[in-house]
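Here is work.cif, consisting of mmCIF, C-alpha atoms:
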data_data
loop_
_atom_site.label_atom_id
_atom_site.label_comp_id
_atom_site.auth_asym_id
_atom_site.auth_seq_id
_atom_site.Cartn_x
_atom_site.Cartn_y
_atom_site.Cartn_z
CA MET A 1 234.93 226.86 51.29
CA THR A 2 235.96 226.85 54.96
CA VAL A 3 238.98 224.72 54.10
CA LEU A 4 239.94 227.17 51.34
CA PHE A 5 239.72 230.14 53.74
CA GLY A 6 241.62 228.14 56.35
CA ILE A 7 244.49 227.32 53.99
CA PHE A 8 244.64 230.96 52.81
CA LEU A 9 244.76 232.32 56.37
CA LEU A 10 247.24 229.73 57.60
CA THR A 11 249.56 230.43 54.64
CA LEU A 12 249.45 234.14 55.50
CA LEU A 13 250.15 233.24 59.15
CA VAL A 14 253.29 231.33 58.14
CA VAL A 15 254.42 234.24 55.94
CA VAL A 16 253.90 236.73 58.78
CA ALA A 17 255.67 234.46 61.28
CA ILE A 18 258.72 234.20 59.00
CA GLY A 19 258.59 237.98 58.61
CA ILE A 20 258.64 238.45 62.40
CA VAL A 21 261.66 236.20 62.75
CA ARG A 22 263.58 237.77 59.86
CA THR A 23 263.04 241.49 60.48
CA LYS A 24 265.60 243.36 62.57
CA ASN A 25 263.44 246.45 62.99
CA LEU A 26 261.52 245.93 66.23
CA PHE A 27 258.74 248.33 65.20
CA THR A 28 258.09 246.22 62.12
CA ALA A 29 258.12 243.11 64.29
CA VAL A 30 255.51 244.59 66.66
CA MET A 31 253.26 245.56 63.75
CA LEU A 32 253.62 242.09 62.24
CA THR A 33 252.67 240.58 65.62
CA GLY A 34 249.46 242.59 65.49
CA ILE A 35 248.75 241.32 61.98
CA PHE A 36 249.50 237.79 63.16
CA SER A 37 246.88 238.12 65.90
CA LEU A 38 244.33 239.58 63.51
CA LEU A 39 244.85 236.68 61.09
CA MET A 40 244.51 234.28 64.01
CA ALA A 41 241.24 235.98 64.99
CA ALA A 42 239.93 235.56 61.43
CA ASN A 43 241.00 231.93 61.60
CA PHE A 44 239.10 231.36 64.85
CA PHE A 45 236.07 233.02 63.29
CA VAL A 46 236.23 230.70 60.27
CA LEU A 47 236.18 227.82 62.76
CA ASP A 48 233.01 229.32 64.36
CA ALA A 49 234.77 230.23 67.61
CA ALA A 50 233.37 233.77 67.82
CA ASP A 51 234.23 234.28 71.52
CA VAL A 52 237.87 233.32 71.05
CA ALA A 53 238.05 235.41 67.87
CA LEU A 54 236.76 238.47 69.73
CA THR A 55 239.29 237.93 72.52
CA GLU A 56 242.16 237.49 70.08
CA ALA A 57 241.18 240.60 68.12
CA ALA A 58 240.73 242.78 71.22
CA VAL A 59 243.67 241.53 73.29
CA GLY A 60 246.12 240.13 70.73
CA ALA A 61 245.74 242.59 67.87
CA GLY A 62 244.63 245.59 69.91
CA ILE A 63 245.97 245.97 73.43
CA SER A 64 249.09 243.78 73.09
CA THR A 65 250.30 245.86 70.14
CA VAL A 66 249.81 249.08 72.12
CA LEU A 67 251.62 247.65 75.17
CA LEU A 68 254.48 246.37 73.01
CA LEU A 69 254.78 249.81 71.40
CA GLY A 70 254.83 251.32 74.89
CA GLY A 71 257.68 248.96 75.79
CA LEU A 72 259.44 249.73 72.52
CA ALA A 73 259.58 253.42 73.44
CA LEU A 74 261.97 252.46 76.27
CA VAL A 75 264.42 250.40 74.21
CA PRO A 76 266.40 250.86 70.98
CA GLY A 77 264.38 250.30 67.82
CA ARG A 78 266.63 247.75 66.20
CA GLU A 79 267.60 244.23 67.14
CA ARG A 80 271.25 243.79 68.00
CA ASN A 81 273.39 241.89 65.53
CA ARG A 82 272.35 238.32 65.81
CA ARG A 83 274.94 235.60 66.20
CA ARG A 84 275.89 233.18 63.47
CA LEU A 85 273.61 230.25 62.83
CA HIS A 86 274.21 227.71 65.57
CA GLY A 87 274.38 224.13 64.33
CA LEU A 88 273.21 222.46 67.53
CA ALA A 89 270.27 224.87 67.98
CA LEU A 90 269.22 224.36 64.38
CA GLY A 91 269.37 220.60 64.84
CA ILE A 92 267.23 220.65 68.00
CA VAL A 93 264.63 222.97 66.46
CA SER A 94 264.43 220.83 63.30
CA LEU A 95 264.03 217.68 65.36
CA ILE A 96 261.22 219.16 67.47
CA THR A 97 259.48 220.51 64.36
CA LEU A 98 259.59 217.06 62.75
CA MET A 99 258.21 215.50 65.94
CA VAL A 100 255.33 218.00 66.04
CA VAL A 101 254.57 217.39 62.37
CA TYR A 102 254.68 213.63 63.02
CA ALA A 103 252.30 214.03 65.95
CA THR A 104 249.74 215.76 63.73
CA PHE A 105 249.39 212.57 61.65
CA GLU A 106 247.57 211.03 64.61
CA LYS A 107 245.23 213.98 64.88
CA PRO A 108 241.59 213.41 63.84
CA ARG A 109 240.38 215.22 60.72
CA LEU A 110 239.11 218.80 61.16
CA GLY A 111 235.44 218.70 62.15
CA ASP A 112 235.40 214.91 62.57
CA PRO A 113 232.39 214.22 64.85
CA SER A 114 234.01 211.11 66.34
CA ALA A 115 237.09 213.07 67.48
CA PRO A 116 237.79 212.71 71.22
CA VAL A 117 237.19 216.43 71.81
CA HIS A 118 233.60 216.05 70.59
CA GLN A 119 233.03 212.87 72.60
CA HIS A 120 234.33 213.85 76.01
CA VAL A 121 232.53 216.57 78.03
CA ALA A 122 231.43 218.83 75.15
CA PRO A 123 228.14 216.97 74.46
CA TRP A 124 227.31 217.16 78.16
CA TYR A 125 227.93 220.93 78.19
CA LEU A 126 225.75 221.42 75.11
CA GLU A 127 223.01 219.25 76.56
CA GLN A 128 223.01 220.58 80.12
CA THR A 129 223.54 224.32 79.53
CA PRO A 130 219.88 224.99 78.54
CA ILE A 131 218.69 222.96 81.55
CA LEU A 132 221.10 224.03 84.27
CA VAL A 133 221.96 227.62 83.26
CA ASP A 134 219.43 228.49 80.54
CA ILE A 135 221.55 230.95 78.53
CA PRO A 136 222.11 230.74 74.77
CA ASN A 137 225.91 231.15 74.76
CA VAL A 138 227.36 227.83 75.90
CA VAL A 139 230.91 229.28 75.88
CA THR A 140 229.97 231.74 78.63
CA ALA A 141 228.33 228.95 80.62
CA VAL A 142 231.44 226.76 80.35
CA LEU A 143 233.71 229.69 81.21
CA GLY A 144 231.64 231.10 84.03
CA THR A 145 230.19 228.12 85.83
CA PHE A 146 231.29 224.67 84.61
CA ARG A 147 234.94 225.78 84.52
CA GLY A 148 234.64 228.61 87.04
CA TYR A 149 237.79 227.57 88.92
CA ASP A 150 239.86 227.85 85.71
CA THR A 151 238.48 231.33 85.02
CA LEU A 152 239.23 232.41 88.58
CA GLY A 153 242.75 231.13 88.01
CA GLU A 154 243.04 233.17 84.81
CA VAL A 155 241.89 236.33 86.59
CA ILE A 156 244.50 235.74 89.30
CA VAL A 157 247.14 235.28 86.58
CA VAL A 158 246.16 238.62 84.97
CA PHE A 159 246.18 240.27 88.39
CA THR A 160 249.62 238.83 89.22
CA ALA A 161 251.03 239.95 85.87
CA GLY A 162 249.75 243.46 86.55
CA ILE A 163 251.37 243.51 90.01
CA GLY A 164 254.63 242.29 88.50
CA VAL A 165 254.78 245.05 85.88
CA LEU A 166 253.85 247.72 88.42
CA PHE A 167 256.57 246.60 90.83
CA LEU A 168 259.12 246.70 88.01
CA LEU A 169 258.12 250.01 86.43
CA GLY A 170 256.10 251.81 89.11
CA LEU A 171 252.93 253.78 88.58
CA PRO A 172 253.08 257.57 89.20
CA GLY A 173 250.83 258.55 92.07
CA ALA A 174 250.44 255.04 93.45
CA ILE A 175 253.62 252.95 93.34
CA GLY A 176 257.11 254.41 93.40
CA SER A 177 258.22 257.91 94.33
CA ARG A 178 256.88 259.79 91.29
CA LYS A 179 253.69 261.81 91.64
CA THR A 180 250.98 262.27 89.03
CA GLU A 181 251.96 265.95 88.74
CA GLU A 182 255.40 264.95 87.46
CA VAL A 183 253.92 263.20 84.44
CA GLN A 184 254.16 265.37 81.37
CA PRO A 185 250.80 267.04 80.67
CA GLY A 186 249.20 267.73 77.33
CA ASN A 187 249.10 265.69 74.19
CA SER A 188 252.48 264.36 73.28
CA TYR A 189 251.37 261.91 70.59
CA LEU A 190 248.60 263.56 68.65
CA GLY A 191 249.19 267.16 69.72
CA HIS A 192 249.33 268.67 66.25
CA HIS A 193 246.95 266.25 64.58
CA LEU A 194 243.55 267.88 64.58
CA ILE A 195 241.73 265.26 62.51
CA PRO A 196 242.69 262.20 64.61
CA GLN A 197 241.87 264.20 67.74
CA ILE A 198 238.34 265.03 66.60
CA VAL A 199 237.59 261.59 65.21
CA GLY A 200 239.03 259.95 68.33
CA THR A 201 237.00 262.15 70.65
CA LEU A 202 233.95 261.25 68.60
CA LEU A 203 234.64 257.51 68.88
CA ILE A 204 235.62 257.15 72.56
CA PRO A 205 232.04 257.18 73.97
CA PHE A 206 230.99 254.53 71.47
CA ILE A 207 234.00 252.35 72.28
CA LEU A 208 233.18 252.53 76.00
CA LEU A 209 229.51 251.82 75.29
CA PHE A 210 230.47 248.86 73.12
CA ALA A 211 232.67 247.54 75.93
CA LEU A 212 229.69 247.64 78.30
CA TYR A 213 227.56 245.88 75.65
CA VAL A 214 230.17 243.14 75.25
CA GLN A 215 230.39 242.87 79.05
CA PHE A 216 226.70 242.42 79.75
CA HIS A 217 225.72 240.69 76.54
CA GLY A 218 228.18 237.84 77.01
CA GLU A 219 225.43 235.43 78.00
CA TYR A 220 223.57 235.93 74.73
CA GLY A 221 226.32 236.49 72.16
CA PRO A 222 230.06 236.39 71.88
CA GLY A 223 231.68 238.44 74.61
CA GLY A 224 232.37 238.56 78.30
CA GLY A 225 234.63 240.12 80.87
CA PHE A 226 237.99 239.56 79.16
CA GLN A 227 236.97 241.12 75.84
CA ALA A 228 235.01 243.92 77.50
CA GLY A 229 237.94 244.79 79.76
CA ALA A 230 240.29 244.95 76.78
CA ILE A 231 237.91 247.16 74.78
CA PHE A 232 237.25 249.48 77.72
CA ALA A 233 240.98 249.82 78.34
CA ALA A 234 241.47 250.53 74.61
CA GLY A 235 238.96 253.38 74.80
CA MET A 236 240.75 254.92 77.77
CA ILE A 237 244.16 254.47 76.10
CA LEU A 238 242.80 256.32 73.06
CA TYR A 239 241.76 259.10 75.43
CA SER A 240 245.23 259.24 76.93
CA LEU A 241 246.74 259.46 73.42
CA ILE A 242 244.42 262.34 72.54
CA ALA A 243 244.23 264.34 75.77
CA GLY A 244 247.60 263.45 77.26
CA GLU A 245 249.04 261.09 79.82
CA ARG A 246 248.49 263.24 82.91
CA GLU A 247 244.94 264.13 81.90
CA ALA A 248 244.08 260.43 81.50
CA LEU A 249 245.56 259.69 84.92
CA GLN A 250 243.24 262.35 86.32
CA VAL A 251 240.14 260.67 84.86
CA ILE A 252 240.90 257.28 86.38
CA THR A 253 243.45 258.01 89.06
CA PRO A 254 246.30 255.53 89.75
CA ARG A 255 244.85 254.63 93.15
CA VAL A 256 241.50 253.82 91.55
CA LEU A 257 243.34 251.68 88.98
CA ILE A 258 245.03 249.68 91.74
CA GLY A 259 241.65 249.35 93.43
CA LEU A 260 240.05 248.13 90.19
CA MET A 261 242.77 245.51 89.74
CA ALA A 262 242.19 244.05 93.18
CA SER A 263 238.43 244.52 93.48
CA GLY A 264 237.60 242.55 90.33
CA ALA A 265 239.48 239.50 91.54
CA LEU A 266 238.00 240.01 95.04
CA LEU A 267 234.49 240.19 93.56
CA PHE A 268 235.07 236.88 91.75
CA GLY A 269 236.44 235.17 94.84
CA GLY A 270 233.78 236.84 97.00
CA VAL A 271 231.01 235.20 94.98
CA GLY A 272 232.66 231.88 95.78
CA VAL A 273 232.83 232.66 99.49
CA VAL A 274 229.22 233.88 99.56
CA SER A 275 228.04 230.68 97.87
CA MET A 276 229.94 228.72 100.53
CA LEU A 277 228.30 230.78 103.32
CA LEU A 278 224.89 230.06 101.77
CA GLY A 279 225.56 226.36 102.06
CA GLY A 280 226.90 225.41 98.64
CA ASN A 281 230.38 224.61 97.38
CA PHE A 282 232.95 227.26 96.41
CA LEU A 283 231.67 229.03 93.22
CA ASP A 284 228.48 226.94 93.27
CA TYR A 285 226.02 229.60 92.08
CA ASN A 286 222.91 227.43 92.57
CA VAL A 287 222.41 228.77 96.09
CA LEU A 288 222.65 232.48 95.14
CA ALA A 289 218.94 232.85 94.26
CA ASP A 290 215.62 231.19 94.95
CA ASN A 291 215.94 228.69 92.15
CA PRO A 292 219.22 227.17 90.86
CA VAL A 293 218.90 228.47 87.27
CA ALA A 294 218.47 232.10 88.36
CA GLY A 295 221.34 231.60 90.80
CA GLN A 296 223.57 230.42 87.96
CA GLN A 297 222.65 233.45 85.85
CA TRP A 298 223.33 235.87 88.71
CA GLY A 299 226.61 234.16 89.46
CA ILE A 300 227.82 234.36 85.86
CA LEU A 301 226.80 238.01 85.57
CA ILE A 302 228.70 238.98 88.73
CA ILE A 303 231.87 237.00 88.08
CA GLU A 304 232.01 238.31 84.48
CA LEU A 305 231.82 241.81 85.94
CA GLY A 306 234.70 240.91 88.24
CA VAL A 307 236.73 239.64 85.28
CA GLY A 308 235.99 242.82 83.32
CA ILE A 309 237.00 245.12 86.20
CA THR A 310 240.29 243.34 86.83
CA VAL A 311 241.22 243.16 83.14
CA THR A 312 240.43 246.86 82.64
CA GLY A 313 242.44 247.81 85.72
CA VAL A 314 245.46 245.69 84.87
CA LEU A 315 245.66 246.68 81.22
CA LEU A 316 245.27 250.39 81.95
CA ALA A 317 247.75 250.28 84.83
CA VAL A 318 250.33 248.45 82.70
CA TYR A 319 249.81 250.93 79.86
CA HIS A 320 250.24 253.93 82.17
CA ALA A 321 253.28 252.32 83.78
CA PHE A 322 254.94 252.22 80.35
CA ALA A 323 253.61 255.51 78.99
CA ALA A 324 254.37 257.63 82.08
CA ARG A 325 257.92 256.31 82.13
CA GLY A 326 258.65 256.88 78.46
CA ARG A 327 259.06 260.64 78.65
CA MET B 1 218.44 242.18 43.89
CA MET B 2 221.02 239.46 43.42
CA LEU B 3 222.35 241.21 40.31
CA LEU B 4 222.78 244.51 42.17
CA SER B 5 224.52 242.77 45.05
CA THR B 6 226.84 240.88 42.69
CA LEU B 7 227.68 244.09 40.85
CA LEU B 8 228.51 245.88 44.11
CA LEU B 9 230.60 242.98 45.41
CA LEU B 10 232.50 242.64 42.14
CA SER B 11 233.25 246.35 41.82
CA GLY B 12 234.30 246.44 45.50
CA SER B 13 236.63 243.50 44.96
CA ALA B 14 238.02 245.21 41.85
CA PHE B 15 238.88 248.31 43.92
CA VAL B 16 240.55 246.18 46.60
CA LEU B 17 242.54 244.39 43.89
CA ILE B 18 243.57 247.67 42.25
CA GLY B 19 244.55 249.04 45.67
CA GLY B 20 246.66 245.94 46.33
CA ILE B 21 248.44 246.19 42.98
CA GLY B 22 248.94 249.91 43.59
CA VAL B 23 250.61 249.31 46.97
CA LEU B 24 253.02 246.92 45.31
CA ARG B 25 253.74 248.97 42.19
CA MET B 26 253.76 252.61 43.35
CA PRO B 27 257.20 254.17 43.79
CA ASN B 28 257.07 255.83 47.25
CA LEU B 29 255.15 256.03 50.51
CA TYR B 30 252.67 258.74 49.60
CA THR B 31 251.60 257.23 46.29
CA ARG B 32 251.35 253.82 47.96
CA LEU B 33 249.21 255.35 50.69
CA HIS B 34 247.00 256.82 47.99
CA ALA B 35 246.54 253.35 46.50
CA ALA B 36 245.94 251.73 49.89
CA SER B 37 243.33 254.29 50.89
CA LEU B 38 241.26 253.06 47.96
CA THR B 39 241.04 249.64 49.64
CA ASP B 40 240.11 251.22 52.98
CA THR B 41 237.23 253.27 51.77
CA LEU B 42 235.65 252.60 48.40
CA GLY B 43 236.50 248.89 48.18
CA THR B 44 235.28 248.00 51.67
CA LEU B 45 232.22 250.25 51.40
CA LEU B 46 231.12 248.70 48.10
CA ILE B 47 231.58 245.18 49.47
CA LEU B 48 229.62 246.08 52.62
CA ALA B 49 226.89 247.65 50.45
CA GLY B 50 226.73 244.41 48.47
CA ILE B 51 226.26 242.37 51.65
CA ILE B 52 223.66 244.85 52.95
CA VAL B 53 221.65 244.40 49.74
CA GLN B 54 221.75 240.65 50.28
CA ALA B 55 220.76 240.96 53.94
CA GLY B 56 217.67 243.10 53.19
CA PHE B 57 215.87 244.99 55.97
CA THR B 58 217.23 243.02 58.92
CA LEU B 59 219.24 243.66 62.05
CA ALA B 60 222.31 242.39 60.21
CA ALA B 61 221.93 245.18 57.64
CA ILE B 62 221.90 247.81 60.40
CA LYS B 63 225.02 246.29 61.96
CA LEU B 64 226.75 246.29 58.57
CA ALA B 65 225.76 249.92 58.05
CA ALA B 66 227.26 250.75 61.45
CA ILE B 67 230.50 249.01 60.42
CA ALA B 68 230.48 251.00 57.16
CA LEU B 69 230.02 254.27 59.07
CA PHE B 70 232.84 253.31 61.45
CA LEU B 71 235.16 252.51 58.54
CA MET B 72 234.25 255.73 56.75
CA LEU B 73 235.38 257.64 59.85
CA THR B 74 238.45 255.65 60.84
CA GLY B 75 239.92 254.61 57.47
CA PRO B 76 240.69 258.10 56.13
CA THR B 77 241.77 259.21 59.62
CA ALA B 78 244.30 256.40 59.80
CA THR B 79 245.58 257.22 56.32
CA TYR B 80 245.89 260.89 57.27
CA ALA B 81 247.69 260.06 60.53
CA LEU B 82 250.12 257.79 58.69
CA ALA B 83 250.91 260.39 56.02
CA ASN B 84 251.26 263.11 58.65
CA ALA B 85 253.58 260.96 60.79
CA ALA B 86 255.69 260.20 57.71
CA LEU B 87 255.91 263.90 56.81
CA LEU B 88 256.85 264.88 60.38
CA SER B 89 259.52 262.19 60.56
CA GLY B 90 261.13 263.64 57.44
CA THR B 91 259.91 261.54 54.52
CA MET B 92 259.37 264.10 51.76
CA PRO B 93 257.16 263.53 48.73
CA ASP B 94 259.32 262.84 45.70
CA ALA B 95 258.45 265.60 43.21
CA ARG B 96 260.62 264.31 40.37
CA ARG B 97 258.28 261.41 39.84
CA LEU B 98 255.38 263.73 39.27
CA ASP B 99 256.91 265.27 36.09
CA LEU B 100 256.80 268.73 37.67
CA PRO B 101 259.22 271.32 36.38
CA PRO B 102 262.22 271.47 38.75
CA LYS B 103 262.50 274.68 40.74
#
For the file at hand, write its structure as structure tokens.
Amino acid sequence: MTVLFGIFLLTLLVVVAIGIVRTKNLFTAVMLTGIFSLLMAANFFVLDAADVALTEAAVGAGISTVLLLGGLALVPGRERNRRRLHGLALGIVSLITLMVVYATFEKPRLGDPSAPVHQHVAPWYLEQTPILVDIPNVVTAVLGTFRGYDTLGEVIVVFTAGIGVLFLLGLPGAIGSRKTEEVQPGNSYLGHHLIPQIVGTLLIPFILLFALYVQFHGEYGPGGGFQAGAIFAAGMILYSLIAGEREALQVITPRVLIGLMASGALLFGGVGVVSMLLGGNFLDYNVLADNPVAGQQWGILIIELGVGITVTGVLLAVYHAFAARGR
Amino acid sequence: MMLLSTLLLLSGSAFVLIGGIGVLRMPNLYTRLHAASLTDTLGTLLILAGIIVQAGFTLAAIKLAAIALFLMLTGPTATYALANAALLSGTMPDARRLDLPPK
């Protein structure tokens, strides 16, 4: 049954990918990208990777689509006339495709227990998580503690991307010469749409609450800082669509956004420094509490909070950078 | 219980199927939207109801009910927003197809 679902979803993925390449209307392409991510999320879920599926749905299908639409508002809606089919390019792409297809012949069967990925460190993680960290969600344990350096790296990447966009586009009231007062007030998107306004206003508190649930429930179920940050940012973006750009910038001011971006990453790194000061290694949470297991749990809780704060800050700042510039 | 659940799931799937055919076959945006809204609301709700019956009185049933409530709110809103955006951007309903007397 899983294989059947998998084939169905992968076929749809290929269809959507061809659609993205073929369409000249950029709006259509952005929408298809969102559908692509949603299909990918379903695919991950079929493979029992609930954490990755949640991330893909929240970031790929949700926030990315909104950010791409924000970017689209600044550029023409149609792709320029593409050039004629280039023989050399076609040849190279075909060759690489054939090589990738050839490489998959060596791949172990899906779900094969003797596959290298199931023999390497994964059994150790599964075996040691209940002993060393004592939380049910092994993914969070791997992400937060066993591979804490990687996660810190990811947070820094998100932070850097946010800085890059803000330096390019500016953020009214914080970066660049524009002030928050110059941003157009009022609802420019949903101004005359009473029903979406009311339903949206009704949903925002629940979206924010759900983000907090995903944030602090990551140790017990699918979730964590990345997903929570994306969902929280989505709730605030919905508010800015309903109430207006300037009004949203007044709720979480640009300076606070910049502060959020930096403080999340600082919190993550700070935990590492504190654990060094307490006599452990960098990001070694064992020393944070009286016994190592409690220390691990505290450490994961705090660094996940750091991840969530940075992701929220960056996504919201990037959204506002686009939206405040558009009009 | 199983019979009820099967009935709900089958009728829900039927509505989704009809909605899908409608989106393909209907002549213009508004009629297509009408067909698609069937999938959003009735189809999904019946399927969710079928799964709730199978789940019984558990936490999963409450979660499914929450999803159903969420879809009942957002589905029609999205359909409305889409139709409204289409109308504002100048796509007019095609009255000739409706066999109305021309004015």
How would you write, as a VMD selection string, the residues chosen by the PyMOL selection byres ((chain B) within 10 of (chain A)) on this structure? chain B and resid 70 73 to 74 76 to 78 80 to 81 84 to 85
Restricted to C-alpha atoms, what would the selected residues look like written as a compact mmCIF listing (two decimals), in the coordinates of the input?
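Below you can see out.txt, which holds the result:
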# COMPACT_ATOMS: atom_id res chain seq x y z
CA PHE B 70 232.84 253.31 61.45
CA LEU B 73 235.38 257.64 59.85
CA THR B 74 238.45 255.65 60.84
CA PRO B 76 240.69 258.10 56.13
CA THR B 77 241.77 259.21 59.62
CA ALA B 78 244.30 256.40 59.80
CA TYR B 80 245.89 260.89 57.27
CA ALA B 81 247.69 260.06 60.53
CA ASN B 84 251.26 263.11 58.65
CA ALA B 85 253.58 260.96 60.79
Running the PyMOL selection byres ((chain B and resi 53-58) around 8) on this model by hand, what would come out? Give it as an MDAnalysis selection string. chainID B and resid 1:2 4:5 49:52 59:62
Would you output that residue set with C-alpha atoms, as a PDB file, in the frame of the given file?
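Wrote out22.pdb, looks like this:
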ATOM      1  CA  MET B   1     218.440 242.180  43.890  1.00  0.00           C
ATOM      2  CA  MET B   2     221.020 239.460  43.420  1.00  0.00           C
ATOM      3  CA  LEU B   4     222.780 244.510  42.170  1.00  0.00           C
ATOM      4  CA  SER B   5     224.520 242.770  45.050  1.00  0.00           C
ATOM      5  CA  ALA B  49     226.890 247.650  50.450  1.00  0.00           C
ATOM      6  CA  GLY B  50     226.730 244.410  48.470  1.00  0.00           C
ATOM      7  CA  ILE B  51     226.260 242.370  51.650  1.00  0.00           C
ATOM      8  CA  ILE B  52     223.660 244.850  52.950  1.00  0.00           C
ATOM      9  CA  LEU B  59     219.240 243.660  62.050  1.00  0.00           C
ATOM     10  CA  ALA B  60     222.310 242.390  60.210  1.00  0.00           C
ATOM     11  CA  ALA B  61     221.930 245.180  57.640  1.00  0.00           C
ATOM     12  CA  ILE B  62     221.900 247.810  60.400  1.00  0.00           C
TER      13      ILE B  62
END
Mind pulling up the distance from CA of Val93 (chain A) to CA of Pro108 (chain A)?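 These two atoms are separated by 25.1 Å.
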Selected by the PyMOL selection byres ((chain A and resi 288-293) around 12) in the shown coordinates: which residues, as number ranges by chain? A: 128-135, 141, 145, 271-287, 294-302
C-alpha atoms of the current selection, written as a PDB file, keeping the file's coordinate frame:
ATOM      1  CA  GLN A 128     223.010 220.580  80.120  1.00  0.00           C
ATOM      2  CA  THR A 129     223.540 224.320  79.530  1.00  0.00           C
ATOM      3  CA  PRO A 130     219.880 224.990  78.540  1.00  0.00           C
ATOM      4  CA  ILE A 131     218.690 222.960  81.550  1.00  0.00           C
ATOM      5  CA  LEU A 132     221.100 224.030  84.270  1.00  0.00           C
ATOM      6  CA  VAL A 133     221.960 227.620  83.260  1.00  0.00           C
ATOM      7  CA  ASP A 134     219.430 228.490  80.540  1.00  0.00           C
ATOM      8  CA  ILE A 135     221.550 230.950  78.530  1.00  0.00           C
ATOM      9  CA  ALA A 141     228.330 228.950  80.620  1.00  0.00           C
ATOM     10  CA  THR A 145     230.190 228.120  85.830  1.00  0.00           C
ATOM     11  CA  VAL A 271     231.010 235.200  94.980  1.00  0.00           C
ATOM     12  CA  GLY A 272     232.660 231.880  95.780  1.00  0.00           C
ATOM     13  CA  VAL A 273     232.830 232.660  99.490  1.00  0.00           C
ATOM     14  CA  VAL A 274     229.220 233.880  99.560  1.00  0.00           C
ATOM     15  CA  SER A 275     228.040 230.680  97.870  1.00  0.00           C
ATOM     16  CA  MET A 276     229.940 228.720 100.530  1.00  0.00           C
ATOM     17  CA  LEU A 277     228.300 230.780 103.320  1.00  0.00           C
ATOM     18  CA  LEU A 278     224.890 230.060 101.770  1.00  0.00           C
ATOM     19  CA  GLY A 279     225.560 226.360 102.060  1.00  0.00           C
ATOM     20  CA  GLY A 280     226.900 225.410  98.640  1.00  0.00           C
ATOM     21  CA  ASN A 281     230.380 224.610  97.380  1.00  0.00           C
ATOM     22  CA  PHE A 282     232.950 227.260  96.410  1.00  0.00           C
ATOM     23  CA  LEU A 283     231.670 229.030  93.220  1.00  0.00           C
ATOM     24  CA  ASP A 284     228.480 226.940  93.270  1.00  0.00           C
ATOM     25  CA  TYR A 285     226.020 229.600  92.080  1.00  0.00           C
ATOM     26  CA  ASN A 286     222.910 227.430  92.570  1.00  0.00           C
ATOM     27  CA  VAL A 287     222.410 228.770  96.090  1.00  0.00           C
ATOM     28  CA  ALA A 294     218.470 232.100  88.360  1.00  0.00           C
ATOM     29  CA  GLY A 295     221.340 231.600  90.800  1.00  0.00           C
ATOM     30  CA  GLN A 296     223.570 230.420  87.960  1.00  0.00           C
ATOM     31  CA  GLN A 297     222.650 233.450  85.850  1.00  0.00           C
ATOM     32  CA  TRP A 298     223.330 235.870  88.710  1.00  0.00           C
ATOM     33  CA  GLY A 299     226.610 234.160  89.460  1.00  0.00           C
ATOM     34  CA  ILE A 300     227.820 234.360  85.860  1.00  0.00           C
ATOM     35  CA  LEU A 301     226.800 238.010  85.570  1.00  0.00           C
ATOM     36  CA  ILE A 302     228.700 238.980  88.730  1.00  0.00           C
TER      37      ILE A 302
END
Give me, please, the distance in Å between CA of Ser37 (chain B) and CA of Ile21 (chain B), quoted to one decimal.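 Value for the CA of Ser37 (chain B)-CA of Ile21 (chain B) distance: 12.4 Å.
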Quick check, in Å to one decimal: how far apart do CA of Val142 (chain A) and CA of Val121 (chain A) lie?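 Separating CA of Val142 (chain A) from CA of Val121 (chain A) is a distance of 10.5 Å.
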From the set A:Leu315, A:Ala265, A:Val14, A:Ile258, which residue has the shortest atom-to-atom contact distance to Met236 (chain A), counting all atoms listed in the file?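 Among A:Leu315, A:Ala265, A:Val14, A:Ile258, it is A:Leu315 that comes nearest to Met236 (chain A).
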Show which residues sit within 10 Å of Leu82 (chain B), as a PDB file with C-alpha atoms, in the coordinates of the input. Count only C-alpha atoms, and ignore same-chain residues fewer than 6 positions away.
ATOM      1  CA  LEU B  29     255.150 256.030  50.510  1.00  0.00           C
ATOM      2  CA  TYR B  30     252.670 258.740  49.600  1.00  0.00           C
ATOM      3  CA  LEU B  33     249.210 255.350  50.690  1.00  0.00           C
ATOM      4  CA  PRO B  76     240.690 258.100  56.130  1.00  0.00           C
ATOM      5  CA  LEU B  88     256.850 264.880  60.380  1.00  0.00           C
TER       6      LEU B  88
END
Considering only C-alpha atoms, state which residue in the set B:Leu46, B:Leu71, B:Thr79, B:Met92 is at the smallest distance from Thr6 (chain B).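 Looking at the shortest contact to Thr6 (chain B), the residue is B:Leu46.
The shortest atom-to-atom distance to Gly75 (chain B), with all atoms listed in the file taken into account, belongs to B:Leu38 out of B:Lys63, B:Leu38, B:Pro93, B:Met26.
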Just the residues within 10 Å of Ser13 (chain B), please, counting all atoms listed in the file, with nothing from its chain fewer than 6 positions along; format it as a ChimeraX atom specification. /B:7,19,39,42-44,46-47
Fewer than 4 positions away in the same chain doesn't count, so skip those; otherwise give me all residues within 6 Å of region 168-181 of chain A, counting all atoms listed in the file, as a list of chain:residue names.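 Result of the neighbour search: A:Pro254, A:Arg255, A:Ala321.
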If you count all atoms listed in the file, which residues fall within 8 Å of Ala211 (chain A), apart from same-chain ones fewer than 2 positions away, as a ChimeraX atom specification? /A:207-209,213-215,227-229,231-232
Generate the output file for the selected residues, C-alpha atoms, as a short mmCIF file (atom, residue, chain, number, x, y, z; two decimals), in the coordinates of the input.
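See result-v6.cif below for the written result:
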data_model
loop_
_atom_site.label_atom_id
_atom_site.label_comp_id
_atom_site.auth_asym_id
_atom_site.auth_seq_id
_atom_site.Cartn_x
_atom_site.Cartn_y
_atom_site.Cartn_z
CA ILE A 207 234.00 252.35 72.28
CA LEU A 208 233.18 252.53 76.00
CA LEU A 209 229.51 251.82 75.29
CA TYR A 213 227.56 245.88 75.65
CA VAL A 214 230.17 243.14 75.25
CA GLN A 215 230.39 242.87 79.05
CA GLN A 227 236.97 241.12 75.84
CA ALA A 228 235.01 243.92 77.50
CA GLY A 229 237.94 244.79 79.76
CA ILE A 231 237.91 247.16 74.78
CA PHE A 232 237.25 249.48 77.72
#
